[in-house]
$ cat model_36.cif   # mmCIF, N, CA and C atoms
data_final
#
loop_
_atom_site.label_atom_id
_atom_site.label_comp_id
_atom_site.auth_asym_id
_atom_site.auth_seq_id
_atom_site.Cartn_x
_atom_site.Cartn_y
_atom_site.Cartn_z
N MET A 1 119.30 162.12 61.33
CA MET A 1 119.52 162.01 62.76
C MET A 1 118.64 163.02 63.47
N ARG A 2 118.11 162.62 64.62
CA ARG A 2 117.27 163.51 65.43
C ARG A 2 117.97 163.75 66.77
N ILE A 3 118.19 165.02 67.06
CA ILE A 3 118.87 165.41 68.29
C ILE A 3 117.93 166.28 69.12
N VAL A 4 117.88 166.00 70.42
CA VAL A 4 117.16 166.86 71.36
C VAL A 4 118.22 167.59 72.17
N LEU A 5 118.16 168.91 72.19
CA LEU A 5 119.10 169.73 72.94
C LEU A 5 118.39 170.32 74.15
N GLY A 6 118.82 169.93 75.35
CA GLY A 6 118.30 170.53 76.58
C GLY A 6 118.94 171.90 76.73
N PHE A 7 118.12 172.95 76.86
CA PHE A 7 118.68 174.30 76.81
C PHE A 7 118.07 175.21 77.85
N ASP A 8 118.93 176.03 78.46
CA ASP A 8 118.50 177.08 79.37
C ASP A 8 119.49 178.23 79.22
N ASP A 9 119.52 179.14 80.18
CA ASP A 9 120.41 180.30 80.04
C ASP A 9 121.75 180.10 80.76
N SER A 10 122.12 178.86 81.01
CA SER A 10 123.38 178.59 81.70
C SER A 10 124.53 178.48 80.70
N PRO A 11 125.76 178.72 81.16
CA PRO A 11 126.92 178.51 80.29
C PRO A 11 127.08 177.04 79.91
N HIS A 12 126.52 176.15 80.71
CA HIS A 12 126.60 174.71 80.42
C HIS A 12 125.75 174.36 79.20
N ALA A 13 124.58 174.96 79.11
CA ALA A 13 123.74 174.75 77.93
C ALA A 13 124.38 175.36 76.70
N ALA A 14 125.02 176.50 76.86
CA ALA A 14 125.72 177.12 75.73
C ALA A 14 126.84 176.21 75.23
N ALA A 15 127.52 175.53 76.15
CA ALA A 15 128.57 174.58 75.77
C ALA A 15 127.98 173.41 74.98
N ALA A 16 126.80 172.95 75.38
CA ALA A 16 126.14 171.86 74.65
C ALA A 16 125.77 172.31 73.23
N LEU A 17 125.26 173.54 73.09
CA LEU A 17 124.95 174.07 71.77
C LEU A 17 126.22 174.18 70.93
N ARG A 18 127.30 174.69 71.53
CA ARG A 18 128.58 174.80 70.81
C ARG A 18 129.06 173.43 70.35
N TRP A 19 128.84 172.40 71.17
CA TRP A 19 129.27 171.06 70.79
C TRP A 19 128.55 170.63 69.51
N ILE A 20 127.23 170.83 69.47
CA ILE A 20 126.48 170.46 68.27
C ILE A 20 126.96 171.25 67.06
N LEU A 21 127.12 172.55 67.25
CA LEU A 21 127.56 173.41 66.14
C LEU A 21 128.96 173.05 65.65
N GLY A 22 129.80 172.54 66.55
CA GLY A 22 131.19 172.25 66.21
C GLY A 22 131.45 170.85 65.69
N HIS A 23 130.43 170.01 65.64
CA HIS A 23 130.60 168.64 65.18
C HIS A 23 129.71 168.38 63.98
N GLU A 24 130.31 167.86 62.94
CA GLU A 24 129.57 167.57 61.73
C GLU A 24 128.55 166.47 61.99
N GLN A 25 127.36 166.70 61.51
CA GLN A 25 126.27 165.73 61.66
C GLN A 25 125.80 165.33 60.26
N PRO A 26 125.11 164.19 60.16
CA PRO A 26 124.60 163.79 58.85
C PRO A 26 123.69 164.85 58.25
N GLU A 27 123.66 164.92 56.93
CA GLU A 27 122.79 165.87 56.25
C GLU A 27 121.34 165.63 56.67
N GLY A 28 120.61 166.70 56.88
CA GLY A 28 119.21 166.60 57.27
C GLY A 28 118.99 166.40 58.76
N THR A 29 120.06 166.52 59.56
CA THR A 29 119.90 166.35 61.01
C THR A 29 118.90 167.37 61.54
N GLN A 30 117.96 166.89 62.33
CA GLN A 30 116.93 167.72 62.96
C GLN A 30 117.28 167.90 64.43
N VAL A 31 117.35 169.15 64.88
CA VAL A 31 117.61 169.44 66.29
C VAL A 31 116.37 170.10 66.89
N THR A 32 115.89 169.52 67.98
CA THR A 32 114.78 170.12 68.72
C THR A 32 115.36 170.72 69.99
N VAL A 33 115.29 172.03 70.10
CA VAL A 33 115.78 172.74 71.28
C VAL A 33 114.65 172.74 72.31
N VAL A 34 114.94 172.23 73.50
CA VAL A 34 113.92 172.12 74.53
C VAL A 34 114.35 172.88 75.77
N SER A 35 113.48 173.77 76.22
CA SER A 35 113.71 174.49 77.46
C SER A 35 112.48 174.29 78.34
N VAL A 36 112.72 174.11 79.62
CA VAL A 36 111.63 173.80 80.53
C VAL A 36 111.53 174.87 81.62
N VAL A 37 110.32 175.39 81.78
CA VAL A 37 110.04 176.34 82.86
C VAL A 37 109.65 175.48 84.07
N PRO A 38 110.53 175.42 85.07
CA PRO A 38 110.25 174.54 86.21
C PRO A 38 108.99 174.93 86.96
N THR A 39 108.26 173.91 87.37
CA THR A 39 107.09 174.12 88.19
C THR A 39 107.56 174.43 89.60
N PRO A 40 107.04 175.51 90.22
CA PRO A 40 107.49 175.85 91.57
C PRO A 40 107.07 174.78 92.57
N ILE A 41 107.92 174.56 93.55
CA ILE A 41 107.62 173.64 94.65
C ILE A 41 107.20 174.48 95.84
N VAL A 42 106.07 174.16 96.40
CA VAL A 42 105.54 174.93 97.52
C VAL A 42 105.62 174.09 98.78
N ALA A 43 106.13 174.68 99.84
CA ALA A 43 106.20 174.00 101.14
C ALA A 43 105.40 174.82 102.15
N TYR A 44 104.82 174.15 103.12
CA TYR A 44 104.03 174.82 104.13
C TYR A 44 104.68 174.63 105.50
N ALA A 45 104.71 175.70 106.27
CA ALA A 45 105.23 175.62 107.63
C ALA A 45 104.09 175.42 108.62
N ASP A 46 102.89 175.80 108.19
CA ASP A 46 101.74 175.74 109.08
C ASP A 46 100.51 175.35 108.25
N VAL A 47 99.65 174.60 108.83
CA VAL A 47 98.44 174.16 108.13
C VAL A 47 97.60 175.35 107.68
N LEU A 48 97.66 176.44 108.42
CA LEU A 48 96.84 177.60 108.10
C LEU A 48 97.51 178.55 107.10
N ALA A 49 98.74 178.24 106.71
CA ALA A 49 99.45 179.12 105.79
C ALA A 49 98.77 179.09 104.42
N PRO A 50 98.63 180.26 103.79
CA PRO A 50 97.99 180.28 102.47
C PRO A 50 98.94 179.67 101.42
N ALA A 51 98.37 179.16 100.36
CA ALA A 51 99.17 178.59 99.28
C ALA A 51 99.99 179.69 98.62
N VAL A 52 101.23 179.38 98.28
CA VAL A 52 102.10 180.32 97.60
C VAL A 52 102.26 179.82 96.17
N THR A 53 101.94 180.67 95.22
CA THR A 53 102.07 180.28 93.81
C THR A 53 102.79 181.38 93.05
N TYR A 54 103.31 181.03 91.87
CA TYR A 54 103.89 182.04 91.01
C TYR A 54 102.78 182.96 90.53
N PRO A 55 102.98 184.25 90.62
CA PRO A 55 102.00 185.14 89.99
C PRO A 55 101.99 184.85 88.48
N THR A 56 100.84 184.98 87.87
CA THR A 56 100.69 184.69 86.45
C THR A 56 101.68 185.49 85.62
N GLU A 57 101.87 186.75 85.98
CA GLU A 57 102.78 187.61 85.22
C GLU A 57 104.21 187.09 85.27
N LEU A 58 104.66 186.64 86.43
CA LEU A 58 106.01 186.11 86.56
C LEU A 58 106.18 184.84 85.72
N LEU A 59 105.20 183.97 85.75
CA LEU A 59 105.25 182.74 84.96
C LEU A 59 105.28 183.05 83.47
N GLU A 60 104.52 184.05 83.06
CA GLU A 60 104.53 184.47 81.66
C GLU A 60 105.89 185.04 81.26
N GLN A 61 106.50 185.82 82.15
CA GLN A 61 107.83 186.38 81.87
C GLN A 61 108.88 185.27 81.76
N LEU A 62 108.81 184.30 82.67
CA LEU A 62 109.75 183.17 82.61
C LEU A 62 109.58 182.38 81.33
N THR A 63 108.35 182.14 80.95
CA THR A 63 108.07 181.40 79.72
C THR A 63 108.60 182.17 78.51
N GLN A 64 108.36 183.48 78.48
CA GLN A 64 108.85 184.30 77.37
C GLN A 64 110.38 184.29 77.32
N HIS A 65 111.02 184.34 78.48
CA HIS A 65 112.49 184.28 78.55
C HIS A 65 113.00 182.97 77.93
N HIS A 66 112.37 181.85 78.29
CA HIS A 66 112.77 180.55 77.75
C HIS A 66 112.50 180.48 76.24
N GLU A 67 111.39 181.06 75.80
CA GLU A 67 111.09 181.08 74.36
C GLU A 67 112.14 181.88 73.60
N ASP A 68 112.55 183.02 74.15
CA ASP A 68 113.58 183.84 73.52
C ASP A 68 114.91 183.08 73.43
N LEU A 69 115.26 182.39 74.51
CA LEU A 69 116.50 181.58 74.50
C LEU A 69 116.45 180.52 73.42
N CYS A 70 115.34 179.84 73.33
CA CYS A 70 115.20 178.76 72.34
C CYS A 70 115.25 179.29 70.91
N LYS A 71 114.58 180.40 70.67
CA LYS A 71 114.57 180.97 69.32
C LYS A 71 115.98 181.38 68.90
N LYS A 72 116.76 181.91 69.84
CA LYS A 72 118.13 182.31 69.53
C LYS A 72 118.97 181.07 69.18
N ALA A 73 118.85 180.01 69.98
CA ALA A 73 119.60 178.78 69.71
C ALA A 73 119.14 178.16 68.39
N GLU A 74 117.84 178.18 68.15
CA GLU A 74 117.28 177.65 66.91
C GLU A 74 117.86 178.40 65.70
N GLY A 75 117.95 179.72 65.82
CA GLY A 75 118.53 180.53 64.75
C GLY A 75 119.99 180.19 64.48
N GLU A 76 120.77 180.00 65.54
CA GLU A 76 122.18 179.64 65.37
C GLU A 76 122.32 178.29 64.67
N LEU A 77 121.47 177.35 65.03
CA LEU A 77 121.50 176.03 64.40
C LEU A 77 121.14 176.12 62.92
N ARG A 78 120.12 176.89 62.61
CA ARG A 78 119.69 177.03 61.21
C ARG A 78 120.76 177.70 60.35
N LYS A 79 121.47 178.68 60.94
CA LYS A 79 122.53 179.37 60.20
C LYS A 79 123.62 178.40 59.73
N THR A 80 123.83 177.35 60.50
CA THR A 80 124.88 176.39 60.15
C THR A 80 124.33 175.18 59.39
N GLY A 81 123.06 175.24 58.97
CA GLY A 81 122.52 174.20 58.10
C GLY A 81 121.68 173.13 58.76
N PHE A 82 121.46 173.23 60.05
CA PHE A 82 120.61 172.25 60.72
C PHE A 82 119.14 172.59 60.50
N LYS A 83 118.29 171.58 60.47
CA LYS A 83 116.86 171.79 60.59
C LYS A 83 116.62 171.92 62.09
N ALA A 84 115.93 172.95 62.50
CA ALA A 84 115.77 173.18 63.94
C ALA A 84 114.36 173.65 64.28
N THR A 85 113.89 173.18 65.41
CA THR A 85 112.63 173.63 65.99
C THR A 85 112.88 173.81 67.48
N SER A 86 111.92 174.42 68.16
CA SER A 86 112.09 174.58 69.60
C SER A 86 110.77 174.36 70.32
N LYS A 87 110.91 173.97 71.59
CA LYS A 87 109.75 173.75 72.45
C LYS A 87 110.06 174.31 73.83
N VAL A 88 109.11 175.01 74.39
CA VAL A 88 109.19 175.46 75.78
C VAL A 88 108.05 174.77 76.51
N LEU A 89 108.41 174.04 77.55
CA LEU A 89 107.44 173.24 78.27
C LEU A 89 107.44 173.58 79.76
N PRO A 90 106.31 173.44 80.41
CA PRO A 90 106.28 173.60 81.86
C PRO A 90 106.60 172.28 82.53
N GLY A 91 107.11 172.32 83.76
CA GLY A 91 107.27 171.09 84.52
C GLY A 91 108.67 170.82 85.00
N ASP A 92 108.95 169.55 85.15
CA ASP A 92 110.24 169.07 85.64
C ASP A 92 111.16 168.84 84.43
N PRO A 93 112.30 169.52 84.37
CA PRO A 93 113.19 169.36 83.22
C PRO A 93 113.62 167.91 82.97
N ARG A 94 113.80 167.16 84.03
CA ARG A 94 114.24 165.76 83.87
C ARG A 94 113.20 164.96 83.08
N ALA A 95 111.97 165.02 83.52
CA ALA A 95 110.91 164.26 82.86
C ALA A 95 110.61 164.81 81.46
N ALA A 96 110.62 166.12 81.33
CA ALA A 96 110.29 166.74 80.04
C ALA A 96 111.28 166.34 78.96
N LEU A 97 112.58 166.35 79.28
CA LEU A 97 113.58 165.98 78.27
C LEU A 97 113.44 164.52 77.85
N VAL A 98 113.19 163.65 78.79
CA VAL A 98 112.99 162.22 78.47
C VAL A 98 111.74 162.06 77.61
N ASP A 99 110.66 162.76 77.96
CA ASP A 99 109.42 162.67 77.20
C ASP A 99 109.60 163.16 75.77
N VAL A 100 110.28 164.28 75.60
CA VAL A 100 110.50 164.81 74.25
C VAL A 100 111.38 163.85 73.45
N ALA A 101 112.39 163.28 74.07
CA ALA A 101 113.24 162.31 73.37
C ALA A 101 112.41 161.14 72.85
N LYS A 102 111.46 160.69 73.66
CA LYS A 102 110.57 159.59 73.24
C LYS A 102 109.64 160.05 72.11
N GLN A 103 109.01 161.21 72.29
CA GLN A 103 108.06 161.72 71.29
C GLN A 103 108.73 161.98 69.94
N GLU A 104 109.94 162.50 69.98
CA GLU A 104 110.66 162.86 68.76
C GLU A 104 111.40 161.67 68.15
N ASN A 105 111.35 160.52 68.84
CA ASN A 105 112.11 159.35 68.41
C ASN A 105 113.58 159.74 68.20
N ALA A 106 114.13 160.42 69.20
CA ALA A 106 115.48 160.99 69.12
C ALA A 106 116.55 159.91 69.06
N ASP A 107 117.61 160.24 68.35
CA ASP A 107 118.79 159.39 68.30
C ASP A 107 119.80 159.79 69.37
N LEU A 108 119.71 161.06 69.80
CA LEU A 108 120.68 161.60 70.75
C LEU A 108 120.06 162.76 71.53
N VAL A 109 120.34 162.80 72.83
CA VAL A 109 120.02 163.97 73.65
C VAL A 109 121.35 164.59 74.04
N VAL A 110 121.46 165.90 73.87
CA VAL A 110 122.67 166.63 74.24
C VAL A 110 122.29 167.66 75.30
N LEU A 111 123.01 167.66 76.40
CA LEU A 111 122.77 168.65 77.44
C LEU A 111 124.06 168.92 78.19
N GLY A 112 124.08 170.06 78.85
CA GLY A 112 125.26 170.45 79.62
C GLY A 112 125.20 169.94 81.03
N SER A 113 126.37 169.79 81.61
CA SER A 113 126.48 169.36 83.00
C SER A 113 126.81 170.55 83.87
N HIS A 114 126.05 170.74 84.93
CA HIS A 114 126.34 171.83 85.86
C HIS A 114 127.47 171.46 86.80
N GLY A 115 127.79 170.17 86.89
CA GLY A 115 128.92 169.74 87.70
C GLY A 115 128.73 169.87 89.19
N ARG A 116 127.48 169.84 89.65
CA ARG A 116 127.25 169.92 91.09
C ARG A 116 127.61 168.60 91.75
N THR A 117 128.09 168.71 92.97
CA THR A 117 128.40 167.52 93.76
C THR A 117 127.89 167.72 95.17
N GLY A 118 127.91 166.67 95.94
CA GLY A 118 127.55 166.77 97.35
C GLY A 118 126.13 167.22 97.58
N LEU A 119 125.95 168.07 98.60
CA LEU A 119 124.63 168.52 99.00
C LEU A 119 123.87 169.26 97.89
N PRO A 120 124.52 170.15 97.13
CA PRO A 120 123.76 170.82 96.06
C PRO A 120 123.17 169.82 95.05
N LYS A 121 123.92 168.76 94.74
CA LYS A 121 123.39 167.75 93.81
C LYS A 121 122.22 167.01 94.45
N LEU A 122 122.35 166.70 95.73
CA LEU A 122 121.29 165.99 96.43
C LEU A 122 120.02 166.84 96.50
N VAL A 123 120.18 168.11 96.82
CA VAL A 123 119.03 169.00 97.00
C VAL A 123 118.41 169.36 95.65
N LEU A 124 119.23 169.70 94.67
CA LEU A 124 118.72 170.17 93.39
C LEU A 124 118.44 169.04 92.42
N GLY A 125 119.01 167.86 92.67
CA GLY A 125 118.86 166.75 91.75
C GLY A 125 119.75 166.96 90.54
N SER A 126 119.84 165.97 89.73
CA SER A 126 120.68 166.08 88.55
C SER A 126 119.86 165.76 87.31
N VAL A 127 119.64 166.77 86.50
CA VAL A 127 118.92 166.58 85.26
C VAL A 127 119.69 165.62 84.37
N ALA A 128 120.99 165.85 84.24
CA ALA A 128 121.81 165.00 83.37
C ALA A 128 121.77 163.54 83.81
N SER A 129 121.91 163.31 85.10
CA SER A 129 121.90 161.94 85.61
C SER A 129 120.57 161.25 85.31
N HIS A 130 119.47 161.95 85.51
CA HIS A 130 118.16 161.37 85.24
C HIS A 130 117.99 161.06 83.75
N VAL A 131 118.38 162.00 82.90
CA VAL A 131 118.22 161.80 81.47
C VAL A 131 119.08 160.63 80.99
N VAL A 132 120.31 160.56 81.48
CA VAL A 132 121.18 159.44 81.11
C VAL A 132 120.53 158.11 81.48
N SER A 133 119.91 158.06 82.64
CA SER A 133 119.31 156.82 83.14
C SER A 133 117.98 156.45 82.47
N HIS A 134 117.24 157.44 81.97
CA HIS A 134 115.88 157.17 81.51
C HIS A 134 115.61 157.42 80.03
N ALA A 135 116.50 158.09 79.34
CA ALA A 135 116.26 158.39 77.92
C ALA A 135 116.26 157.12 77.08
N PRO A 136 115.46 157.10 76.02
CA PRO A 136 115.39 155.92 75.16
C PRO A 136 116.50 155.88 74.11
N CYS A 137 117.44 156.80 74.20
CA CYS A 137 118.49 156.91 73.19
C CYS A 137 119.80 157.28 73.87
N ASP A 138 120.84 157.46 73.06
CA ASP A 138 122.12 157.90 73.60
C ASP A 138 121.99 159.30 74.16
N VAL A 139 122.82 159.59 75.17
CA VAL A 139 122.82 160.92 75.80
C VAL A 139 124.26 161.39 75.87
N LEU A 140 124.50 162.60 75.44
CA LEU A 140 125.83 163.22 75.53
C LEU A 140 125.74 164.36 76.53
N VAL A 141 126.54 164.26 77.59
CA VAL A 141 126.60 165.30 78.62
C VAL A 141 127.89 166.08 78.37
N VAL A 142 127.73 167.36 78.03
CA VAL A 142 128.86 168.19 77.68
C VAL A 142 129.32 168.96 78.92
N LYS A 143 130.60 168.85 79.23
CA LYS A 143 131.18 169.61 80.32
C LYS A 143 131.55 170.99 79.78
N ARG A 144 131.32 172.00 80.58
CA ARG A 144 131.66 173.36 80.18
C ARG A 144 133.18 173.51 80.13
N THR A 145 133.65 174.08 79.03
CA THR A 145 135.10 174.28 78.89
C THR A 145 135.44 175.73 78.70
#
$ encode --input "model_36.cif" --output "structure tokens"
Amino acid sequence: MRIVLGFDDSPHAAAALRWILGHEQPEGTQVTVVSVVPTPIVAYADVLAPAVTYPTELLEQLTQHHEDLCKKAEGELRKTGFKATSKVLPGDPRAALVDVAKQENADLVVLGSHGRTGLPKLVLGSVASHVVSHAPCDVLVVKRT
């Protein structure tokens, strides 16, 4: 079985990892831990306003933070007998998780739900909702408990 785990530093992602660790999977199950460094969105108030971008150092720190998170999750998975790898990607988490699920020929995507509703969901979008709608495989959305 091939599982893609959407992972970040939220308690919701930790709940998704706990779900995998707490449920027996077929022998040889491969888990790919995926964390995405979001691409900043830049808005302009004036045509003459200079472009605002992430400083290179900040982007490097964010990427390193995501790599550290993934390595820790990968280690926990390996301790319990899973084959595990990790990927840190730039971009939109919604698209990246769907793309990795396709590339890995995943049987299951597991991710946590932030449980946003109303305006926050509209403004921030829903990674879980997008992945459920677009993934080529089953998707398990774990609620934080």
$ closest_residue --input "model_36.cif" --among "A:His66, A:Arg144, A:His12, A:His130" --to "Asp99 (chain A)" --atoms "only C-alpha atoms"
A:His130
$ residues_near_point --input "model_36.cif" --point "(115.3, 170.8, 69.9)" --cutoff "5 Å" --atoms "all atoms listed in the file" --output "ChimeraX atom specification"
/A:4-5,31-34,85-86
$ atom_distance --input "model_36.cif" --atom1 "atom C of Lys87 (chain A)" --atom2 "atom N of Val36 (chain A)"
6.4 Å
$ atom_distance --input "model_36.cif" --atom1 "atom N of Pro90 (chain A)" --atom2 "atom C of Arg2 (chain A)"
20.4 Å
$ select_by_dssp --input "model_36.cif" --residues "chain A" --states "alpha helix (DSSP H)" --output "PyMOL selection string"
chain A and resi 11-22+56-79+93-103+118-124+127-134
$ resolve_selection --input "model_36.cif" --expression "the PyMOL selection byres (((chain A and resi 73-84 and name CA) around 9) and name CA)" --output "list in words"
Phe7, Ala14, Leu17, Ile20, Leu21, Gln25, Glu27, Gly28, Thr29, Gln30, Val31, Thr32, Val33, Asp68, Leu69, Cys70, Lys71, Lys72, Thr85 and Ser86 of chain A
$ closest_residue --input "model_36.cif" --among "A:Leu108, A:Ser126, A:Ser35, A:Ser113" --to "Asp138 (chain A)" --atoms "all atoms listed in the file"
A:Leu108
$ closest_residue --input "model_36.cif" --among "A:Ala101, A:Leu89, A:Ala135, A:Ile3" --to "Ala16 (chain A)" --atoms "only C-alpha atoms"
A:Ile3
$ atom_distance --input "model_36.cif" --atom1 "CA of Ala106 (chain A)" --atom2 "CA of Ser129 (chain A)"
17.7 Å
$ residues_around --input "model_36.cif" --residues "Lys143 (chain A)" --least-positions-apart "3" --cutoff "10 Å" --atoms "only C-alpha atoms" --output "list in words"
Pro11, His12, Ala13, Ala15, Ala16, Trp19, Leu111, Gly112, Ser113, His114, Gly115 and Leu140 of chain A
